[in-house]
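Visitor: Here it is, the structure, as structure tokens.
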Amino acid sequence: MKETLELGTMFGAPTEQEVQLGELLNEAASLDKIRIVNTGTEATMHAIRLALHYTKRKKVLKIKGGYHGTHPFNFDSEFVESVEFNSSKKIKEKLSGGEFACLILEPVMGNMGVINPEDGYLEDVREITERTGTLLIVDEVITGFRTGFFPYYSTERIDPDLATFAKIIGGGLPMGAYGGREEIMKEVRPSGTFPQAGTYSGNPVSVAAGLETMRILSSKDYSKLRRLTDIAVKHLAESGLTVNSQTGMLSMFFSDKRVSRASDALKSKKDLYLPLFREALERGIYLAPSYDETIFISFVHSEKEVGETFQSLSEEAERLWKASSR
Ligand SMILES: Cc1ncc(COP(=O)(O)O)c(C=O)c1O
């Protein structure tokens, strides 16, 4: 980043490193073409706009509790509707009329705590969207390169029409990207007529951070991350609460029932989260302050740190849970 900074921060044109990052992402995510932008919000907003442009349809379908940024397409309106996660039946009902340009979803939900897709769900979603001419946008802003050096959709052998990335691919600096099939992406100007630009898109310093991060991650052993996550889950589950996880990400719900969609998560005793957050701080553990945020595990954490942290958290969660059930 320092070396890149000295060469200049702003050219109004792609740099060599941006092209390298684009090529690396295309290859790792099996995409034909990709555009670098500045945030996950921009990536999903432009992917949705592109779907509206490409299909010439007017509506957007999303998943209840799914988060894609703070643009208007993230919120229900006369143009945006949402259905529960893990119900392909609901998706089929909505899409059968051919009104929706796209369905956008996180393959593993990460903004209502962690909610995993049930077996066959993503495959069904791919089949229904394809059949109804609805573009499938998989939002990998959280999951991309987190569970392994690939987007989550490749573990389920799903080919989305468009995919979005941010967070990890920027190595801690502002960065997002959207990409997909050639036929759709070639609509983006200057090759096509879909307008999308950004003064700071692909800024050299973010690109340098992203490129280096991706190079480091490409040789990482993600089984270490799985092991660390398993340790965290084992301790947390001792509290009796429902714990959902995916490699590198987990969350607890103040509930003893299965959580497989937003309405399940909303039924948990969310009010217990703030006391847990405060008590965790007292114990030297900084959790995300909001109950619906995911806990992430990093390669830099050690087994000892994860073990001690989650054992301590589990004790407190169990105490609060039992006290509330009395
Ligand atoms: C799945 C998902 N999509 C999009 C976004 C928006 O990304 P950003 O905060 O970079 O705009 C987020 C942010 O947390 C996210 O979790």
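Going by the structure tokens order, chains are called A, B, ..., each with residues numbered from 1, while ligands are numbered from 1 in the order shown.
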Sorted by chain and rising residue number, which residues of chain A lie within 6 Å of ligand 1, and what are their closest atom pairs and distances in Å to one decimal, counting only C-alpha atoms and all ligand atoms, as JSON lines?
Guide:
```
{"residue": "A:Thr39", "atom": "CA", "partner": "ligand 1", "partner_atom_place_in_ligand_line": "10 (O)", "distance": 3.9}
{"residue": "A:Gly40", "atom": "CA", "partner": "ligand 1", "partner_atom_place_in_ligand_line": "7 (O)", "distance": 3.3}
{"residue": "A:Thr41", "atom": "CA", "partner": "ligand 1", "partner_atom_place_in_ligand_line": "11 (O)", "distance": 3.5}
{"residue": "A:Tyr67", "atom": "CA", "partner": "ligand 1", "partner_atom_place_in_ligand_line": "2 (C)", "distance": 5.3}
{"residue": "A:His68", "atom": "CA", "partner": "ligand 1", "partner_atom_place_in_ligand_line": "4 (C)", "distance": 3.5}
{"residue": "A:Gly69", "atom": "CA", "partner": "ligand 1", "partner_atom_place_in_ligand_line": "6 (C)", "distance": 4.0}
{"residue": "A:Glu106", "atom": "CA", "partner": "ligand 1", "partner_atom_place_in_ligand_line": "1 (C)", "distance": 5.8}
{"residue": "A:Asp139", "atom": "CA", "partner": "ligand 1", "partner_atom_place_in_ligand_line": "1 (C)", "distance": 5.7}
{"residue": "A:Val141", "atom": "CA", "partner": "ligand 1", "partner_atom_place_in_ligand_line": "1 (C)", "distance": 4.8}
{"residue": "A:Ile142", "atom": "CA", "partner": "ligand 1", "partner_atom_place_in_ligand_line": "1 (C)", "distance": 5.2}
{"residue": "A:Ala166", "atom": "CA", "partner": "ligand 1", "partner_atom_place_in_ligand_line": "10 (O)", "distance": 5.8}
```
Visitor: Only N, CA and C atoms, please: the residues just picked out, written as a PDB file, in the first residue's frame.
Guide:
```pdb
ATOM      1  N   THR A  39     -17.701  -0.012  -2.430  1.00  0.00           N
ATOM      2  CA  THR A  39     -18.317  -0.629  -1.250  1.00  0.00           C
ATOM      3  C   THR A  39     -19.220  -1.786  -1.685  1.00  0.00           C
ATOM      4  N   GLY A  40     -19.650  -2.551  -0.675  1.00  0.00           N
ATOM      5  CA  GLY A  40     -20.623  -3.605  -0.948  1.00  0.00           C
ATOM      6  C   GLY A  40     -21.966  -3.006  -1.361  1.00  0.00           C
ATOM      7  N   THR A  41     -22.298  -1.868  -0.772  1.00  0.00           N
ATOM      8  CA  THR A  41     -23.546  -1.184  -1.127  1.00  0.00           C
ATOM      9  C   THR A  41     -23.569  -0.859  -2.619  1.00  0.00           C
ATOM     10  N   TYR A  67     -29.431  -8.346   4.003  1.00  0.00           N
ATOM     11  CA  TYR A  67     -28.934  -6.967   3.957  1.00  0.00           C
ATOM     12  C   TYR A  67     -27.940  -6.837   2.815  1.00  0.00           C
ATOM     13  N   HIS A  68     -28.146  -5.809   2.013  1.00  0.00           N
ATOM     14  CA  HIS A  68     -27.267  -5.620   0.859  1.00  0.00           C
ATOM     15  C   HIS A  68     -26.718  -4.200   0.782  1.00  0.00           C
ATOM     16  N   GLY A  69     -26.942  -3.406   1.826  1.00  0.00           N
ATOM     17  CA  GLY A  69     -26.500  -2.010   1.808  1.00  0.00           C
ATOM     18  C   GLY A  69     -27.689  -1.105   2.042  1.00  0.00           C
ATOM     19  N   GLU A 106     -28.101 -13.537   0.078  1.00  0.00           N
ATOM     20  CA  GLU A 106     -26.834 -13.967   0.659  1.00  0.00           C
ATOM     21  C   GLU A 106     -26.933 -15.495   0.718  1.00  0.00           C
ATOM     22  N   ASP A 139     -25.108 -12.461  -3.305  1.00  0.00           N
ATOM     23  CA  ASP A 139     -24.355 -11.437  -2.581  1.00  0.00           C
ATOM     24  C   ASP A 139     -23.336 -12.129  -1.671  1.00  0.00           C
ATOM     25  N   VAL A 141     -20.773 -10.584  -0.270  1.00  0.00           N
ATOM     26  CA  VAL A 141     -20.019  -9.545   0.442  1.00  0.00           C
ATOM     27  C   VAL A 141     -19.444 -10.099   1.756  1.00  0.00           C
ATOM     28  N   ILE A 142     -20.216 -10.908   2.472  1.00  0.00           N
ATOM     29  CA  ILE A 142     -19.680 -11.531   3.691  1.00  0.00           C
ATOM     30  C   ILE A 142     -18.991 -12.858   3.371  1.00  0.00           C
ATOM     31  N   ALA A 166     -17.190  -7.684  -1.456  1.00  0.00           N
ATOM     32  CA  ALA A 166     -16.618  -6.513  -0.775  1.00  0.00           C
ATOM     33  C   ALA A 166     -15.831  -7.063   0.419  1.00  0.00           C
TER      34      ALA A 166
END
```
Visitor: If you count only C-alpha atoms, which residues fall within 12 Å of Val243 in chain A, apart from same-chain ones fewer than 4 positions away, as a PDB file with C-alpha atoms, in the first residue's frame?
Guide:
```
ATOM      1  CA  GLY A 113     -27.057 -13.850  12.719  1.00  0.00           C
ATOM      2  CA  VAL A 114     -25.866 -16.817  10.682  1.00  0.00           C
ATOM      3  CA  ILE A 115     -28.539 -18.806   8.866  1.00  0.00           C
ATOM      4  CA  ASN A 116     -27.400 -21.645   6.626  1.00  0.00           C
ATOM      5  CA  THR A 229     -14.989 -22.098  14.464  1.00  0.00           C
ATOM      6  CA  ASP A 230     -15.737 -25.607  15.757  1.00  0.00           C
ATOM      7  CA  ALA A 232     -16.140 -21.608  19.386  1.00  0.00           C
ATOM      8  CA  VAL A 233     -19.358 -23.455  18.509  1.00  0.00           C
ATOM      9  CA  LYS A 234     -18.668 -26.300  20.935  1.00  0.00           C
ATOM     10  CA  HIS A 235     -18.245 -23.885  23.855  1.00  0.00           C
ATOM     11  CA  LEU A 236     -21.199 -21.677  22.928  1.00  0.00           C
ATOM     12  CA  ALA A 237     -23.522 -24.640  22.448  1.00  0.00           C
ATOM     13  CA  GLU A 238     -22.868 -25.646  26.076  1.00  0.00           C
ATOM     14  CA  SER A 239     -24.987 -22.642  27.072  1.00  0.00           C
ATOM     15  CA  MET A 249     -18.667 -17.103  11.127  1.00  0.00           C
ATOM     16  CA  LEU A 250     -21.117 -17.985  13.876  1.00  0.00           C
ATOM     17  CA  SER A 251     -23.906 -16.619  15.998  1.00  0.00           C
ATOM     18  CA  MET A 252     -26.016 -17.529  18.985  1.00  0.00           C
ATOM     19  CA  PHE A 253     -29.744 -16.983  19.297  1.00  0.00           C
ATOM     20  CA  PHE A 254     -31.491 -16.683  22.647  1.00  0.00           C
ATOM     21  CA  SER A 255     -33.716 -19.584  21.699  1.00  0.00           C
ATOM     22  CA  ASP A 256     -33.635 -23.376  21.971  1.00  0.00           C
ATOM     23  CA  LYS A 257     -35.403 -23.811  18.621  1.00  0.00           C
ATOM     24  CA  ARG A 258     -33.984 -24.181  15.141  1.00  0.00           C
ATOM     25  CA  VAL A 259     -33.315 -20.880  13.355  1.00  0.00           C
ATOM     26  CA  SER A 260     -33.635 -21.240   9.589  1.00  0.00           C
ATOM     27  CA  ALA A 265     -34.433 -15.241  14.521  1.00  0.00           C
ATOM     28  CA  SER A 268     -35.530 -15.280  19.937  1.00  0.00           C
ATOM     29  CA  THR A 294     -22.405 -12.222  13.069  1.00  0.00           C
ATOM     30  CA  ILE A 295     -19.295 -13.129  15.066  1.00  0.00           C
ATOM     31  CA  PHE A 310     -16.135 -18.598  23.938  1.00  0.00           C
ATOM     32  CA  SER A 314     -21.011 -19.271  26.987  1.00  0.00           C
ATOM     33  CA  ALA A 317     -25.062 -16.475  27.969  1.00  0.00           C
TER      34      ALA A 317
END
```
Visitor: Excluding same-chain residues fewer than 4 positions from Glu316 in chain A, what lies within 7 Å of it counting only C-alpha atoms, as a PDB file with N, CA and C atoms, in the first residue's frame?
Guide:
```pdb
ATOM      1  N   LEU A 276     -25.775  -9.252  27.643  1.00  0.00           N
ATOM      2  CA  LEU A 276     -24.640 -10.129  27.321  1.00  0.00           C
ATOM      3  C   LEU A 276     -23.476  -9.301  26.779  1.00  0.00           C
ATOM      4  N   SER A 312     -15.978 -18.359  28.190  1.00  0.00           N
ATOM      5  CA  SER A 312     -16.409 -17.266  29.052  1.00  0.00           C
ATOM      6  C   SER A 312     -17.769 -16.709  28.579  1.00  0.00           C
ATOM      7  N   LEU A 320     -27.701 -15.779  31.725  1.00  0.00           N
ATOM      8  CA  LEU A 320     -28.791 -14.878  31.324  1.00  0.00           C
ATOM      9  C   LEU A 320     -30.006 -15.666  30.827  1.00  0.00           C
TER      10      LEU A 320
END
```
Visitor: Write out, as a tab-separated table, each residue of range 195-265 of chain A that has an atom at most 12 Å from range 10-34 of chain A, together with the closest pair of atoms and their distance in Å to one decimal, counting only C-alpha atoms, rows going by chain and rising number.
Guide:
```
residue	atom	partner	partner_atom	distance
A:Ala197	CA	A:Gly12	CA	10.2
A:Gly198	CA	A:Gly12	CA	9.0
A:Thr199	CA	A:Gly12	CA	6.6
A:Tyr200	CA	A:Met10	CA	7.3
A:Ser201	CA	A:Gly12	CA	8.7
A:Gly202	CA	A:Glu18	CA	6.2
A:Asn203	CA	A:Met10	CA	6.4
A:Pro204	CA	A:Thr15	CA	7.0
A:Val205	CA	A:Met10	CA	9.2
A:Ser206	CA	A:Glu18	CA	9.4
A:Val207	CA	A:Glu18	CA	5.9
A:Ala208	CA	A:Gln17	CA	6.8
A:Ala209	CA	A:Leu21	CA	10.2
A:Gly210	CA	A:Leu21	CA	7.5
A:Leu211	CA	A:Leu21	CA	5.5
A:Glu212	CA	A:Leu21	CA	9.2
A:Thr213	CA	A:Leu21	CA	10.4
A:Met214	CA	A:Leu24	CA	8.3
A:Arg215	CA	A:Leu24	CA	9.0
A:Leu217	CA	A:Ala28	CA	11.4
A:Ser218	CA	A:Ala28	CA	9.2
```
Visitor: As JSON, numbers by chain, which residues of range 108-301 of chain A does DSSP assign to strand (DSSP E)?
Guide: {"A": [135, 136, 137, 138, 139, 162, 163, 164, 165, 166, 176, 177, 178, 179, 180, 242, 243, 244, 245, 246, 249, 250, 251, 252, 253, 295, 296]}
Visitor: Output N, CA and C atoms for every residue in the selection just made, as a PDB file, in the first residue's frame.
Guide:
```pdb
ATOM      1  N   LEU A 135     -32.841 -12.891 -13.105  1.00  0.00           N
ATOM      2  CA  LEU A 135     -31.408 -13.023 -12.835  1.00  0.00           C
ATOM      3  C   LEU A 135     -31.185 -13.340 -11.360  1.00  0.00           C
ATOM      4  N   LEU A 136     -30.259 -14.261 -11.116  1.00  0.00           N
ATOM      5  CA  LEU A 136     -29.904 -14.603  -9.734  1.00  0.00           C
ATOM      6  C   LEU A 136     -28.622 -13.847  -9.374  1.00  0.00           C
ATOM      7  N   ILE A 137     -28.762 -12.964  -8.356  1.00  0.00           N
ATOM      8  CA  ILE A 137     -27.582 -12.232  -7.863  1.00  0.00           C
ATOM      9  C   ILE A 137     -27.215 -12.817  -6.506  1.00  0.00           C
ATOM     10  N   VAL A 138     -26.048 -13.424  -6.420  1.00  0.00           N
ATOM     11  CA  VAL A 138     -25.612 -13.963  -5.134  1.00  0.00           C
ATOM     12  C   VAL A 138     -24.692 -12.924  -4.480  1.00  0.00           C
ATOM     13  N   ASP A 139     -25.108 -12.461  -3.305  1.00  0.00           N
ATOM     14  CA  ASP A 139     -24.355 -11.437  -2.581  1.00  0.00           C
ATOM     15  C   ASP A 139     -23.336 -12.129  -1.671  1.00  0.00           C
ATOM     16  N   LEU A 162     -25.127 -12.953 -11.652  1.00  0.00           N
ATOM     17  CA  LEU A 162     -24.253 -11.879 -11.177  1.00  0.00           C
ATOM     18  C   LEU A 162     -23.866 -12.191  -9.731  1.00  0.00           C
ATOM     19  N   ALA A 163     -22.695 -11.747  -9.322  1.00  0.00           N
ATOM     20  CA  ALA A 163     -22.272 -11.945  -7.928  1.00  0.00           C
ATOM     21  C   ALA A 163     -21.647 -10.650  -7.431  1.00  0.00           C
ATOM     22  N   THR A 164     -21.736 -10.437  -6.127  1.00  0.00           N
ATOM     23  CA  THR A 164     -21.169  -9.212  -5.560  1.00  0.00           C
ATOM     24  C   THR A 164     -20.198  -9.552  -4.428  1.00  0.00           C
ATOM     25  N   PHE A 165     -19.180  -8.724  -4.305  1.00  0.00           N
ATOM     26  CA  PHE A 165     -18.127  -8.943  -3.308  1.00  0.00           C
ATOM     27  C   PHE A 165     -17.769  -7.619  -2.649  1.00  0.00           C
ATOM     28  N   ALA A 166     -17.190  -7.684  -1.456  1.00  0.00           N
ATOM     29  CA  ALA A 166     -16.618  -6.513  -0.775  1.00  0.00           C
ATOM     30  C   ALA A 166     -15.831  -7.063   0.419  1.00  0.00           C
ATOM     31  N   GLY A 176     -15.398  -2.829  -3.390  1.00  0.00           N
ATOM     32  CA  GLY A 176     -16.511  -3.730  -3.697  1.00  0.00           C
ATOM     33  C   GLY A 176     -16.333  -4.169  -5.137  1.00  0.00           C
ATOM     34  N   ALA A 177     -17.099  -5.159  -5.559  1.00  0.00           N
ATOM     35  CA  ALA A 177     -17.024  -5.597  -6.952  1.00  0.00           C
ATOM     36  C   ALA A 177     -18.305  -6.320  -7.322  1.00  0.00           C
ATOM     37  N   TYR A 178     -18.712  -6.145  -8.573  1.00  0.00           N
ATOM     38  CA  TYR A 178     -19.806  -6.981  -9.068  1.00  0.00           C
ATOM     39  C   TYR A 178     -19.389  -7.526 -10.423  1.00  0.00           C
ATOM     40  N   GLY A 179     -19.816  -8.753 -10.686  1.00  0.00           N
ATOM     41  CA  GLY A 179     -19.407  -9.368 -11.938  1.00  0.00           C
ATOM     42  C   GLY A 179     -20.338 -10.494 -12.294  1.00  0.00           C
ATOM     43  N   GLY A 180     -20.106 -11.077 -13.440  1.00  0.00           N
ATOM     44  CA  GLY A 180     -20.968 -12.183 -13.846  1.00  0.00           C
ATOM     45  C   GLY A 180     -20.760 -12.600 -15.272  1.00  0.00           C
ATOM     46  N   THR A 242     -29.334 -21.843  20.807  1.00  0.00           N
ATOM     47  CA  THR A 242     -29.153 -22.270  19.419  1.00  0.00           C
ATOM     48  C   THR A 242     -27.940 -21.543  18.843  1.00  0.00           C
ATOM     49  N   VAL A 243     -27.032 -22.303  18.271  1.00  0.00           N
ATOM     50  CA  VAL A 243     -25.831 -21.718  17.665  1.00  0.00           C
ATOM     51  C   VAL A 243     -25.782 -22.155  16.208  1.00  0.00           C
ATOM     52  N   ASN A 244     -25.694 -21.196  15.305  1.00  0.00           N
ATOM     53  CA  ASN A 244     -25.537 -21.503  13.869  1.00  0.00           C
ATOM     54  C   ASN A 244     -24.143 -21.091  13.437  1.00  0.00           C
ATOM     55  N   SER A 245     -23.558 -21.862  12.538  1.00  0.00           N
ATOM     56  CA  SER A 245     -22.208 -21.496  12.105  1.00  0.00           C
ATOM     57  C   SER A 245     -21.929 -21.897  10.671  1.00  0.00           C
ATOM     58  N   GLN A 246     -20.877 -21.309  10.181  1.00  0.00           N
ATOM     59  CA  GLN A 246     -20.313 -21.609   8.877  1.00  0.00           C
ATOM     60  C   GLN A 246     -18.830 -21.305   9.081  1.00  0.00           C
ATOM     61  N   MET A 249     -17.559 -17.955  10.656  1.00  0.00           N
ATOM     62  CA  MET A 249     -18.667 -17.103  11.127  1.00  0.00           C
ATOM     63  C   MET A 249     -19.647 -17.915  11.975  1.00  0.00           C
ATOM     64  N   LEU A 250     -20.143 -17.289  13.038  1.00  0.00           N
ATOM     65  CA  LEU A 250     -21.117 -17.985  13.876  1.00  0.00           C
ATOM     66  C   LEU A 250     -21.985 -16.987  14.620  1.00  0.00           C
ATOM     67  N   SER A 251     -23.098 -17.470  15.132  1.00  0.00           N
ATOM     68  CA  SER A 251     -23.906 -16.619  15.998  1.00  0.00           C
ATOM     69  C   SER A 251     -24.767 -17.465  16.907  1.00  0.00           C
ATOM     70  N   MET A 252     -25.134 -16.838  18.032  1.00  0.00           N
ATOM     71  CA  MET A 252     -26.016 -17.529  18.985  1.00  0.00           C
ATOM     72  C   MET A 252     -27.353 -16.804  18.974  1.00  0.00           C
ATOM     73  N   PHE A 253     -28.402 -17.559  19.215  1.00  0.00           N
ATOM     74  CA  PHE A 253     -29.744 -16.983  19.297  1.00  0.00           C
ATOM     75  C   PHE A 253     -30.278 -17.334  20.672  1.00  0.00           C
ATOM     76  N   ILE A 295     -20.634 -13.124  14.465  1.00  0.00           N
ATOM     77  CA  ILE A 295     -19.295 -13.129  15.066  1.00  0.00           C
ATOM     78  C   ILE A 295     -18.349 -13.760  14.034  1.00  0.00           C
ATOM     79  N   PHE A 296     -17.264 -13.072  13.758  1.00  0.00           N
ATOM     80  CA  PHE A 296     -16.305 -13.609  12.778  1.00  0.00           C
ATOM     81  C   PHE A 296     -15.026 -14.087  13.451  1.00  0.00           C
TER      82      PHE A 296
END
```
Visitor: Point out the residue among A:Gly65, A:Gly148, A:Pro275, A:Gly172 with the least atom-to-atom distance to Arg226 in chain A, counting only C-alpha atoms.
Guide: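 Nearest candidate to Arg226 in chain A out of A:Gly65, A:Gly148, A:Pro275, A:Gly172: A:Gly148.
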Visitor: Hey, what does DSSP flag as helix (DSSP H, G or I) within range 83-315 of chain A? Can you give it to me as an NGL selection string?
Guide: :A and (88-95 or 121-131 or 152-155 or 167-170 or 182-185 or 204-218 or 222-237 or 262-266 or 270-282 or 303-315)
Visitor: Rounded to one decimal place, report the CA of Leu287 in chain A-CA of Ser223 in chain A distance in Å.
Guide: 23.8 Å
Visitor: Need to verify the contact set: Ala262 in chain A, 8 Å, only C-alpha atoms, exclusion of same-chain residues closer than 6 positions in sequence. Can you return it as a list of chain:residue names?
Guide: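 That gives A:Lys64, A:Gly65, A:Glu84, A:Phe85, A:Met112.
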Visitor: Please produce a file of the residues just selected, as an mmCIF file, in the first residue's frame, where the atoms kept are N, CA and C atoms.
Guide:
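Everything below was put into out_33.cif:
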```
data_model
loop_
_atom_site.group_PDB
_atom_site.id
_atom_site.type_symbol
_atom_site.label_atom_id
_atom_site.label_comp_id
_atom_site.auth_asym_id
_atom_site.auth_seq_id
_atom_site.Cartn_x
_atom_site.Cartn_y
_atom_site.Cartn_z
ATOM 1 N N LYS A 64 -36.196 -11.823 3.280
ATOM 2 C CA LYS A 64 -36.474 -11.107 4.535
ATOM 3 C C LYS A 64 -35.260 -11.216 5.463
ATOM 4 N N GLY A 65 -34.845 -10.070 5.979
ATOM 5 C CA GLY A 65 -33.690 -10.067 6.892
ATOM 6 C C GLY A 65 -32.353 -10.025 6.158
ATOM 7 N N GLU A 84 -39.279 -15.223 2.797
ATOM 8 C CA GLU A 84 -38.454 -15.884 3.823
ATOM 9 C C GLU A 84 -37.360 -16.743 3.185
ATOM 10 N N PHE A 85 -36.223 -16.842 3.878
ATOM 11 C CA PHE A 85 -35.109 -17.702 3.458
ATOM 12 C C PHE A 85 -35.527 -19.157 3.586
ATOM 13 N N MET A 112 -28.705 -11.538 10.028
ATOM 14 C CA MET A 112 -29.758 -11.878 11.014
ATOM 15 C C MET A 112 -29.122 -12.899 11.938
#
```
Visitor: Identify, on the basis of only C-alpha atoms, every residue whose closest approach to Ala101 in chain A does not exceed 10 Å; exclude the query and any residue fewer than 2 positions from it along the same chain; express the result as a PyMOL selection string.
Guide: chain A and resi 48-61+95+98-99+103-104+129+132-136
Visitor: Skipping near chain neighbours, those fewer than 4 positions away, what residues fall within 7 Å of Pro107 in chain A using only C-alpha atoms, listed as a PyMOL selection string?
Guide: chain A and resi 117+138+152-153
Visitor: Could you give me, as number ranges by chain, the residues within 9 Å of His71 in chain A, counting only C-alpha atoms and dropping anything in the same chain fewer than 5 positions from it?
Guide: A: 41-42, 44-45
Visitor: Any chance you can output those residues with N, CA and C atoms as an mmCIF file, in the first residue's frame?
Guide:
```
data_model
loop_
_atom_site.group_PDB
_atom_site.id
_atom_site.type_symbol
_atom_site.label_atom_id
_atom_site.label_comp_id
_atom_site.auth_asym_id
_atom_site.auth_seq_id
_atom_site.Cartn_x
_atom_site.Cartn_y
_atom_site.Cartn_z
ATOM 1 N N THR A 41 -22.298 -1.868 -0.772
ATOM 2 C CA THR A 41 -23.546 -1.184 -1.127
ATOM 3 C C THR A 41 -23.569 -0.859 -2.619
ATOM 4 N N GLU A 42 -22.473 -0.290 -3.105
ATOM 5 C CA GLU A 42 -22.406 0.041 -4.536
ATOM 6 C C GLU A 42 -22.472 -1.222 -5.385
ATOM 7 N N THR A 44 -23.895 -4.157 -4.847
ATOM 8 C CA THR A 44 -25.233 -4.757 -4.963
ATOM 9 C C THR A 44 -26.189 -3.807 -5.682
ATOM 10 N N MET A 45 -26.049 -2.505 -5.418
ATOM 11 C CA MET A 45 -26.931 -1.538 -6.085
ATOM 12 C C MET A 45 -26.740 -1.600 -7.602
#
```
Visitor: Out of A:Leu281, A:Arg261, A:Leu274, A:Lys224, which residue has the shortest atom-to-atom distance to His301 in chain A when counting only C-alpha atoms?
Guide: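 Counting only C-alpha atoms, the residue closest to His301 in chain A is A:Lys224.
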